[in-house]
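A.B. asks: Take this structure, written in C-alpha cells, and hold onto it; I'll ask about it next.
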Number of protein chains: 2
Amino acid sequence: MPFTMAVNQNIIEMEYAVRGPIPRRAAELRKEGRRIIPCHIGNPQAFGQRPITYVRQVLSLLEEPSRIGRERVLKKISDGEHASLATFADDDFISDYVVDVAEDMLTSMEAGVGAYTESKGPLFIREAIAGYIDRRDGIEEAGDVPSNPDNIFLTDGASEAAKYIIELLIADPSDGIMIPIPQYPLYSATLRRCGGVLVGYYPDEDSGWSLDKSMLVESLQKARDSGVNVKAIVVINPANPTGAILDEQSGRDVVEFARENDLAIIADEVYQENLYGSEFISFARLVGNEDVPLFSLHSTSKGYYGECGHRGGYFEVRNPPRAEGTDTSFIDLLLKQASVSLCSNTMGQALMYLIVSPPEEGSEPYAQFAAERDKILGDLYDKAMMVKDAFQEMTGVESFGRIGALYHFPRLNKLPEGTTDFDYCMSLLENTGLCTVNGSGFGQKEGTHHLRIAFLPPKELLEQVLPEWIEFHNRYVG
Amino acid sequence: MPFTMAVNQNIIEMEYAVRGPIPRRAAELRKEGRRIIPCHIGNPQAFGQRPITYVRQVLSLLEEPSRIGRERVLKKISDGEHASLATFADDDFISDYVVDVAEDMLTSMEAGVGAYTESKGPLFIREAIAGYIDRRDGIEEAGDVPSNPDNIFLTDGASEAAKYIIELLIADPSDGIMIPIPQYPLYSATLRRCGGVLVGYYPDEDSGWSLDKSMLVESLQKARDSGVNVKAIVVINPANPTGAILDEQSGRDVVEFARENDLAIIADEVYQENLYGSEFISFARLVGNEDVPLFSLHSTSKGYYGECGHRGGYFEVRNPPRAEGTDTSFIDLLLKQASVSLCSNTMGQALMYLIVSPPEEGSEPYAQFAAERDKILGDLYDKAMMVKDAFQEMTGVESFGRIGALYHFPRLNKLPEGTTDFDYCMSLLENTGLCTVNGSGFGQKEGTHHLRIAFLPPKELLEQVLPEWIEFHNRYVG
C-alpha cells in the first residue's frame with residue numbers, strides 16, 4: 001500500500017446495506033460453489049424473469065437499424081409460407097408494427113442511439129412520458145393539471161434522480177430531509193453523501209405502515225428544535241423495503257403537511273405498476289392544484305418489465321421552486337446538473353419510452369405483450385403469497401400492509417436475546433443460501449427486528465427453500 | 001412560481017460551457033429553421049458517422065437473444081444461396097463469428113443485459129479491459145506492472161468516473177486539484193460541485209501545449225501559499241479542448257512531479273485512439289513501478305466508435321492510496337460510491353467490452369471492421385487538416401500542437417478591441433450557423449482568445465462552410 005490521503009468523510013460514513021456484508025458473504029459462498037438465492041435485491045431477470053418481447057425487439061432494431069429493411073422482407077417471405085423458412089415458427093419474425101415503431105423512434109431521435117441527446121432526454125420521449133402520466137392520473141377535466149414535458153428529466157435509473165434532487169436541496173450541513181424509517185438506503189446514503197441531516201419519521205407498522213399528520217409534525221418539530229432546517233419529505237409508494245401500499249388518506253396527509261410547512265415532496269414511485277390489484281394513486285394526482293413542489297421518480301427497473309440493467313428512469317417536477325436570492329428556477333439548476341453528464345444512456349431512454357407507450361390494443365404484438373405482462377405480475381403475486389403463507393408457520397413472524405413492490409418486510413418478534421436481525425440473516429444465508437437484508441440496514445423502530453426479502457425466485461425454487469427457511473427459523477428462535 | 005428555497009450554492013456557481021449560452025442559442029436558431037452545424041461538442045454520430053457494424057450487430061443480439069438461433073439458420077440458408085433469399089446481399093446476414101461472440105457474452109453475463117451486474121461491472125469485462133491495457137502498453141517482461149481487473153470500474157461514460165474520484169478526494173473546502181488551463185469543463189464543474197478549489201496550471205501553447213516541472217511546481221507553490229491542500233493533478237491526453245498530444249517528456253515530468261509532491265494523477269485518456277499516426281503513451285506506462293496513485297479514464301464515446309449515446313466507460317486505479325486514519329483502500333470507497341447507483345448501464349458495459357475486444361484478424365467480420373475503423377480515422381484526420389488549412393486564410397488565427405482528439409483550439413490574435421471570444425463565437429453562429437465554444441468556457445491565459453471546434457462535419461459540409469467562416473472572420477477582425 002502506498003501513501004494515505006484524507007478523503008471525503010461523508011463517503012466513509014455512507015452505508016448501503018443492499019450491497020453490504022450479507023450480499024458480500026453470499027458472493028463468497030457462491031464462489032465456493034454453494035447454492036445462493038439472491039433475494040436481497042429487486043433484480044427479477046437475475047431469477048430468469050424474461051424480458052418483454054415487444055420491448056426487446058424494438059431495442060434490438062434501434063441498435064442495428066440496417067436490419068429494418070431485412071426484417072420487412074423476411075416477414076413478407078415468411079407470410080408467403082416459403083418452404084425455405086418453414087423451419088421457423090411464426091413469431092420468429094418481427095411484426096411490421098414493431099418495425100414501424102423502431103423506425104418512428106429512429107426518425108424522432110435523428111441520430112440514432114449512438115449520439116448524445118439533449119441533457120433532459122429527447123423531447124418526443126418526454127412528451128410520451130407526460131402523456132402516460134396524464135392517462136395514469138385521469139387528467140381530463142378543465143382545472144386538472146397536466147404534466148409538462150419541460151419539467152421531465154430522463155435519468156440513468158432513479159438513483160441518479162435522487163442524487164440530483166438531494167444534492168440541489170442540501171445547501172448547508174444543517175439542512176435536512178424527512179425520510180421514512182424503514183427506508184431504501186439510496187436516500188440515507190445520498191443524504192450522507194451530500195452532507196445533510198436525515199430526519200426520520202416512523203410509519204405505523206401495525207396499521208399497515210400508514211401515516212398521519214401528527215406523526216409527521218412531531219418528527220418535524222423535533223428536528224427543528226434541534227436546529228435542523230427541513231427542506232423536503234421523501235415518500236416511497238409502494239414502499240421499499242416494506243412493500244406496503246400507501247392508503248389515500250395517508251397520501252393526502254403528506255400533501256397537507258408539506259403545504260403547511262413549506263416542504264417539497266420527493267415521491268419515489270418506481271413500483272407504480274407493482275400493486276397486484278390495488279389502485280395506484282400518484283402524488284401528482286394528490287398534489288393536484290396545491291402549490292407543493294413535487295419530484296416524482298420512476299424507473300425501467302421494476303414493474304412487469306424489470307429491466308434493471310438498462311438503467312433507465314425519469315423524474316417529473318411539479319411546482320418547481322425558485323432558488324432563494326435568484327431568478328433561477330429549480331428546472332434550470334437541475335438541467336445544469338444533468339448537463340455535466342451530457343445525457344442519460346439512450347437505450348435506457350428508449351426503454352422508458354417503450355414502457356410508457358405499450359403496443360396498442362389489437363395491434364399485432366399486443367396479445368403476446370399482454371400475456372407476458374399478466375403472467376409476470378400474476379406470478380409475482382403468487383410468489384408474494386407463497387412467502388407470506390410461509391410466515392404463518394414461523395414462530396413470531398408478522399408482516400403488515402397491502403402487498404406491493406417486490407418485497408416483504410416481516411417483523412421477527414422472537415429473536416433469541418442478544419441476537420440481532422443481522423445475525424439472523426447471516427445465519428439464514430449460511431444455512432439455506434437465502435440472501436436477504438437485515439432490517440437494521442433500512443432503519444427500524446428501536447427494539448424491533450425485521451428482514452427484507454424480494455419475492456422473486458421461481459415458484460419451484462420457493463417450494464424447495466421455504467420449508468428449509470421455516471425449519472431454520474423455528475430452530476433459530478428456539 | 002410558488003415559493004423559493006435555498007439551494008446548494010455550488011450548483012448555482014457551477015458552469016458548463018459545452019451546454020452553455022452558445023449551444024442554447026444554436027438550439028433556438030435551429031427551431032427557427034436555420035442551418036446549424038453543431039461543432040461545439042464531440043458527438044460524431046450526430047454528423048452521420050456510422051457506428052461500427054460489428055459492434056452494433058453484437059449489441060443487437062444481446063438485446064434479443066432469442067434471435068441467435070434464427071440468425072444461425074438464416075446464415076445457413078443464405079450460404080446455400082436459396083432463391084427466396086436472393087433479394088438479400090451477403091452482408092445482410094450476421095456472421096457466425098458475431099453470433100458466437102454474442103452467445104459467449106450472454107453466457108458470461110449469466111442474466112443478460114436486463115439484470116443489475118456487480119457494481120464494478122462484470123468480472124469478464126474487467127478482465128478484458130485489463131488485457132487491452134496490457135497489450136496497449138506492451139506489458140510483457142517480468143517487472144512490468146500488469147493491470148488488475150479488481151481495480152477497474154465500469155461507469156456511465158467518463159463523466160461518472162470523474163465525479164466519483166473528485167467527490168472522494170475533496171475532504172474539505174480547502175482541498176484542491178490541479179487542472180490544466182484550458183480544460184474540459186467537466187473538471188471545473190465537478191470540482192465546484194464537490195466544493196473544492198481549482199488550481200490551474202498553464203501548458204505552454206506556443207510549444208504545442210507542452211508541460212514542464214517548473215510550471216507545475218510554480219502553480220502548486222502558489223496554491224499552497226494561499227492555504228490550498230492540493231491532492232491531485234488532472235491531465236487530459238490527447239487534450240480537450242486543445243486537441244494536442246502530450247509529448248513523452250511532459251508526461252514523465254507530470255509523474256515525477258506527482259511523486260515528489262504526494263499527488264495522485266487523474267489521467268483523462270478518452271481520446272487514446274484519436275492520435276492520427278502519433279503514438280499513444282499512457283500514464284499507466286509512464287507511472288510504471290513508481291508509487292504514484294493513478295486514476296485513468298476511458299470511454300466508449302470517442303475513438304473511431306464514437307458511441308456517445310451509450311454512456312459506456314471505465315476507470316482503472318493504480319497504487320490506490322489508503323484513506324487517512326482508516327484501513328480502507330480507495331478501491332473499497334469507490335466501490336461504495338458505485339454501489340449506490342447499483343451498476344452502470346449494461347449496454348454501455350457490453351460496448352466497452354467490444355471496443356477492447358475487436359474481432360480477431362482474419363475472422364469473418366474483421367475486414368469490414370478494419371475498413372470502417374480506418375475510414376473513420378482517416379476521414380477525421382482529413383477533416384482536421386481541412387479546418388487547420390482554413391485557419392491559414394484567417395487573419396491572426398494560430399493553432400498549436402500535434403493533432404489529436406476531435407478538436408482544434410485556435411488562438412484568435414486579432415479580435416477587435418473590446419470584443420471577446422464569446423462575442424466572436426456568438427456572431428459566428430448567427431452568421432454561418434457554425435456552433436463552437438468560446439475559449440473562456442474552458443479557461444485560457446489572460447489576454448488571449450480562442451475557440452474550440454470539433455472537426456466532425458462531413459467533408460462536403462466543411463467545403464461549404466469553411467469559406468463562409470473565412471469570409472466572416474476576415475470581416476469581423478477587420
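To be explicit about the labels: the chains of the C-alpha cells are called A, B, and onward in the order shown, and within each one the residues are counted from 1, while ligands get numbers from 1 in the order they are shown.
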Excluding region 198-209 of chain A and residues on its chain fewer than 4 positions from it, collect all residues at most 7 Å away from it, counting only C-alpha atoms, and give them as a list in words.

C.D. replies: Gly176, Ile177, Met178, Ile179, Pro180, Ile181, Ser188, Leu191, Leu216, Ser219, Ala223, Ala244, Phe400, Gly401 and Arg402 of chain A

A.B. asks: So which residues touch region 411-415 of chain B within 7 Å, counting only C-alpha atoms, skipping near sequence neighbours fewer than 6 positions away, as a ChimeraX atom specification?

C.D. replies: /B:396-399,449-450,477

A.B. asks: List as a PyMOL selection string the protein and nucleic acid residues near Lys213 (chain A), meaning an atom at most 9 Å away when only C-alpha atoms are counted, but skip any in the same chain fewer than 5 places from it.

C.D. replies: chain A and resi 218+250+253-254+256-257

A.B. asks: What are the residues of chain B that have an atom within 6 Å of an atom of chain A, counting only C-alpha atoms, as number ranges by chain?

C.D. replies: B: 2-8, 43, 45-46, 56, 60, 63-64, 111, 113-116, 159, 168-171, 307-311, 321-324, 341, 345-346

A.B. asks: Taking 2 positions as the minimum chain separation for residues in the same chain, which residues sit within 9 Å of region 433-439 of chain B when counting only C-alpha atoms? Answer as a PyMOL selection string.

C.D. replies: chain B and resi 17-18+20+22-23+26+29-30+34-41+182+241+409-411+420-426+428-431+441-444+448-454+465+469

A.B. asks: Per DSSP on the backbone, filter region 175-317 of chain B down to the residues in strand (DSSP E or B) and report them as an MDAnalysis selection string.

C.D. replies: chainID B and resid 175:180 197:201 204 210 229:236 264:268 294:299 313:317

A.B. asks: Could you pull the residues within 9 Å of Lys459 (chain A), counting only C-alpha atoms, minus those fewer than 5 positions along the same chain, as a ChimeraX atom specification?

C.D. replies: /A:379,382-383,386,464

A.B. asks: Under the rule that only C-alpha atoms are counted, which of B:Tyr353, B:Tyr97, B:Tyr407, B:Phe369 is the nearest residue to Tyr304 (chain B)?

C.D. replies: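 Closest to Tyr304 (chain B), using only C-alpha atoms: B:Phe369.
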
A.B. asks: Fewer than 5 positions away in the same chain doesn't count, so skip those; otherwise give me all residues within 10 Å of Leu286 (chain A), counting only C-alpha atoms, as a PyMOL selection string.

C.D. replies: chain A and resi 137+248-249+251-256+281

A.B. asks: So, counting only C-alpha atoms, which residue among B:Arg25, B:Pro416, B:Ser95, B:Gly478 is closest to Pro359 (chain B)?

C.D. replies: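 When distances to Pro359 (chain B) are compared using only C-alpha atoms, the smallest one comes from B:Ser95.
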
A.B. asks: Assign secondary structure with DSSP using the backbone only, and return the residues of region 88-127 of chain A in alpha helix (DSSP H) as a PyMOL selection string.

C.D. replies: chain A and resi 96-109+123-127

A.B. asks: Quote the spacing between CA of Tyr314 (chain B) and CA of Leu297 (chain B) in Å to one decimal place.

C.D. replies: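 That distance, rounded to one decimal, is 6.0 Å.
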